[in-house]
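Below is one structure; the comments refer to it alone.
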Amino acid sequence: MTSQTASKVTDRQILEMKRQLEVVAYRYLSLESAQMIIERGDVFQSRLGDLLRELGGMFPNQYESERVDRTLDNPAGWSVPSFDEQRARTAKLFPDLVLPETPTRDIVVPNGWDGVWWFPPKIAAIGRICGVADCYIADYGTVVKHLLTLIKKQRAFINYRTLNGDQLTAEYVRINENVRGRIQMLEAATGGDFLPPMPITFGQFYGGFSPRNARETAIRRQELPFCTAQVGSLLAVMPERLAAHDLWIDIPADEYHWGGDNLWAHSLYFYFGDGGLMMFDSGGAADAAGRCGSAVGLPGVSEFAS
């Protein structure tokens, strides 16, 4: 029997956590995703351990001081496109993917968030379009470049990460390991080519946070810091966000290797100038700037408007 002391989890607590885990499993897992978790038990246990430690407050956010006041907002008049508009645009951008049916359109959007992203394409689905085998790690850069190409068809910009050779390979860019595990679990938990709809903030909610502070803060709030593939999908579907000189978009989930020091202390961002989007570049992950804000989503929302 487990020792029932203040420093040890009790048998009763274990039983209650098992009950809660069963509720989550029945609610969110498909037959296929449940089988994948069983087959990859070591990965599941590792990710679950990280989550339990975060929920228990055992991993403080060491970057929480990297924050300044926000000085820019989303472009004036910009708003998240309607459900029908997003559906039509997504179908045009990703003709090889099968759009899901969405039974309700009344998701509650938290205060300060921008709206609902109805059709978030899975990285695995875009990887299939690109014909790559390892879309999360070795071939992730190929997925990123595909989405940057889609954006460039709508708005010209300079991609500084390919001006001096290809710096969007696995040697240079990767999804933060902790975030990558969350994305893979989310994508495995549902069938089809798309994640369930989720509220998003396109930078304003995390304006003034350094990218790594935004990442760690979002993780502790059970939100999803977006990687470049996800931000690229958003910008392709919502090109109005490209057209004004306001709030730069930080990418909190991706780490960028800049300088050959193997520290992965940098991140990627979209820079906006007088005419709108001007460049895709990299900067310090610790930089907190009032003109920048990280893009983040809120997956697993089960509450709907009455």
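Ordering of the structure tokens sets the chain letters (A, B, ...); residue numbers start at 1 within each chain; ligands are numbered from 1 in the order shown.
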
*Select from range 88-300 of chain A everything DSSP, run on the backbone, classes as helix (DSSP H, G or I), then give the selection as number ranges by chain.*
A: 88-93, 123-130, 140-152, 177-188, 211-220, 228-237, 239-242

Those residues with C-alpha atoms, as a PDB file, in the first residue's frame please?
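Result file out33.pdb:
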ATOM      1  CA  ALA A  88     -14.319  28.103 -48.237  1.00  0.00           C
ATOM      2  CA  ARG A  89     -10.761  29.421 -47.896  1.00  0.00           C
ATOM      3  CA  THR A  90      -9.479  26.257 -46.224  1.00  0.00           C
ATOM      4  CA  ALA A  91     -10.976  24.096 -48.973  1.00  0.00           C
ATOM      5  CA  LYS A  92      -9.227  26.224 -51.600  1.00  0.00           C
ATOM      6  CA  LEU A  93      -5.859  26.259 -49.805  1.00  0.00           C
ATOM      7  CA  ILE A 123       0.721  18.983 -39.290  1.00  0.00           C
ATOM      8  CA  ALA A 124       0.541  15.300 -40.198  1.00  0.00           C
ATOM      9  CA  ALA A 125      -2.009  16.085 -42.923  1.00  0.00           C
ATOM     10  CA  ILE A 126       0.140  18.852 -44.420  1.00  0.00           C
ATOM     11  CA  GLY A 127       3.130  16.547 -44.210  1.00  0.00           C
ATOM     12  CA  ARG A 128       1.186  14.068 -46.317  1.00  0.00           C
ATOM     13  CA  ILE A 129       0.587  16.790 -48.923  1.00  0.00           C
ATOM     14  CA  CYS A 130       4.341  17.471 -48.948  1.00  0.00           C
ATOM     15  CA  TYR A 140       9.289  19.714 -40.339  1.00  0.00           C
ATOM     16  CA  GLY A 141      11.057  22.440 -42.330  1.00  0.00           C
ATOM     17  CA  THR A 142       9.484  21.135 -45.537  1.00  0.00           C
ATOM     18  CA  VAL A 143       6.032  21.586 -43.999  1.00  0.00           C
ATOM     19  CA  VAL A 144       6.951  25.125 -42.914  1.00  0.00           C
ATOM     20  CA  LYS A 145       8.181  26.039 -46.406  1.00  0.00           C
ATOM     21  CA  HIS A 146       4.955  24.738 -47.961  1.00  0.00           C
ATOM     22  CA  LEU A 147       2.893  27.076 -45.772  1.00  0.00           C
ATOM     23  CA  LEU A 148       5.199  30.038 -46.379  1.00  0.00           C
ATOM     24  CA  THR A 149       4.642  29.461 -50.091  1.00  0.00           C
ATOM     25  CA  LEU A 150       0.871  29.636 -49.583  1.00  0.00           C
ATOM     26  CA  ILE A 151       1.267  32.927 -47.696  1.00  0.00           C
ATOM     27  CA  LYS A 152       3.561  34.357 -50.364  1.00  0.00           C
ATOM     28  CA  GLU A 177       9.933  18.993 -27.503  1.00  0.00           C
ATOM     29  CA  ASN A 178       7.264  19.591 -24.869  1.00  0.00           C
ATOM     30  CA  VAL A 179       4.956  21.332 -27.350  1.00  0.00           C
ATOM     31  CA  ARG A 180       5.631  18.734 -30.019  1.00  0.00           C
ATOM     32  CA  GLY A 181       4.396  15.995 -27.704  1.00  0.00           C
ATOM     33  CA  ARG A 182       1.171  17.917 -27.105  1.00  0.00           C
ATOM     34  CA  ILE A 183       0.610  18.457 -30.826  1.00  0.00           C
ATOM     35  CA  GLN A 184       1.174  14.785 -31.594  1.00  0.00           C
ATOM     36  CA  MET A 185      -1.215  13.692 -28.853  1.00  0.00           C
ATOM     37  CA  LEU A 186      -3.883  16.168 -30.016  1.00  0.00           C
ATOM     38  CA  GLU A 187      -3.555  15.054 -33.618  1.00  0.00           C
ATOM     39  CA  ALA A 188      -3.688  11.384 -32.681  1.00  0.00           C
ATOM     40  CA  PRO A 211       8.347  33.914 -26.986  1.00  0.00           C
ATOM     41  CA  ARG A 212       9.602  31.443 -24.412  1.00  0.00           C
ATOM     42  CA  ASN A 213       7.616  33.112 -21.614  1.00  0.00           C
ATOM     43  CA  ALA A 214       4.491  32.952 -23.767  1.00  0.00           C
ATOM     44  CA  ARG A 215       5.197  29.286 -24.456  1.00  0.00           C
ATOM     45  CA  GLU A 216       5.682  28.340 -20.825  1.00  0.00           C
ATOM     46  CA  THR A 217       2.760  30.464 -19.593  1.00  0.00           C
ATOM     47  CA  ALA A 218       0.431  28.974 -22.194  1.00  0.00           C
ATOM     48  CA  ILE A 219       1.475  25.413 -21.331  1.00  0.00           C
ATOM     49  CA  ARG A 220       0.671  26.001 -17.663  1.00  0.00           C
ATOM     50  CA  THR A 228       5.350  27.979 -37.466  1.00  0.00           C
ATOM     51  CA  ALA A 229       3.286  25.400 -39.350  1.00  0.00           C
ATOM     52  CA  GLN A 230       0.190  26.377 -37.365  1.00  0.00           C
ATOM     53  CA  VAL A 231       0.811  30.125 -37.593  1.00  0.00           C
ATOM     54  CA  GLY A 232       1.444  29.728 -41.308  1.00  0.00           C
ATOM     55  CA  SER A 233      -1.870  27.909 -41.728  1.00  0.00           C
ATOM     56  CA  LEU A 234      -3.645  30.682 -39.826  1.00  0.00           C
ATOM     57  CA  LEU A 235      -2.102  33.452 -41.912  1.00  0.00           C
ATOM     58  CA  ALA A 236      -2.935  31.633 -45.142  1.00  0.00           C
ATOM     59  CA  VAL A 237      -6.590  31.297 -44.111  1.00  0.00           C
ATOM     60  CA  PRO A 239      -4.732  36.982 -45.074  1.00  0.00           C
ATOM     61  CA  GLU A 240      -6.371  40.189 -43.780  1.00  0.00           C
ATOM     62  CA  ARG A 241      -3.987  39.858 -40.839  1.00  0.00           C
ATOM     63  CA  LEU A 242      -1.092  40.351 -43.284  1.00  0.00           C
TER      64      LEU A 242
END

Go through range 67-172 of chain A residue by residue and, counting only C-alpha atoms, keep those with an atom at most 12 Å from range 269-272 of chain A; for each kept residue give the shortest atom pair and its distance in Å to one decimal, ordered by chain and increasing number, as a tab-separated table.
residue	atom	partner	partner_atom	distance
A:Leu72	CA	A:Phe272	CA	11.2
A:Asn74	CA	A:Phe272	CA	11.1
A:Pro75	CA	A:Phe272	CA	10.5
A:Leu148	CA	A:Phe270	CA	10.7
A:Ile151	CA	A:Phe270	CA	11.4
A:Arg155	CA	A:Phe272	CA	11.5
A:Ala156	CA	A:Phe272	CA	11.7
A:Phe157	CA	A:Tyr271	CA	9.3
A:Ile158	CA	A:Tyr271	CA	9.7
A:Asn159	CA	A:Phe270	CA	9.4
A:Tyr160	CA	A:Phe270	CA	10.5
A:Arg161	CA	A:Tyr269	CA	10.8

Filtering to C-alpha atoms, could you give me those residues as a short mmCIF file (atom, residue, chain, number, x, y, z; two decimals), in the first residue's frame?
data_model
loop_
_atom_site.label_atom_id
_atom_site.label_comp_id
_atom_site.auth_asym_id
_atom_site.auth_seq_id
_atom_site.Cartn_x
_atom_site.Cartn_y
_atom_site.Cartn_z
CA LEU A 72 0.79 47.57 -30.48
CA ASN A 74 -4.06 43.75 -33.84
CA PRO A 75 -4.71 45.79 -37.01
CA LEU A 148 5.20 30.04 -46.38
CA ILE A 151 1.27 32.93 -47.70
CA ARG A 155 1.35 38.71 -49.75
CA ALA A 156 4.96 39.23 -50.92
CA PHE A 157 7.55 39.13 -48.13
CA ILE A 158 11.21 38.32 -47.59
CA ASN A 159 12.04 34.95 -46.09
CA TYR A 160 15.35 35.67 -44.37
CA ARG A 161 15.73 32.04 -43.35
#

*Taking into account only C-alpha atoms, which residue in the set A:Trp113, A:Phe44, A:Trp78, A:Tyr63 is nearest to His245 in chain A?*
A:Trp78

*So which residues of range 200-255 of chain A fall under strand (DSSP E or B) by DSSP, listed as a VMD selection string?*
chain A and resid 200 to 201 207 209 224 to 225 248 to 255

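Using only C-alpha atoms, the shortest contact distance between Pro120 in chain A and any of A:Ile200, A:Gly165, A:Glu255, A:Ala76 is found at A:Ile200.
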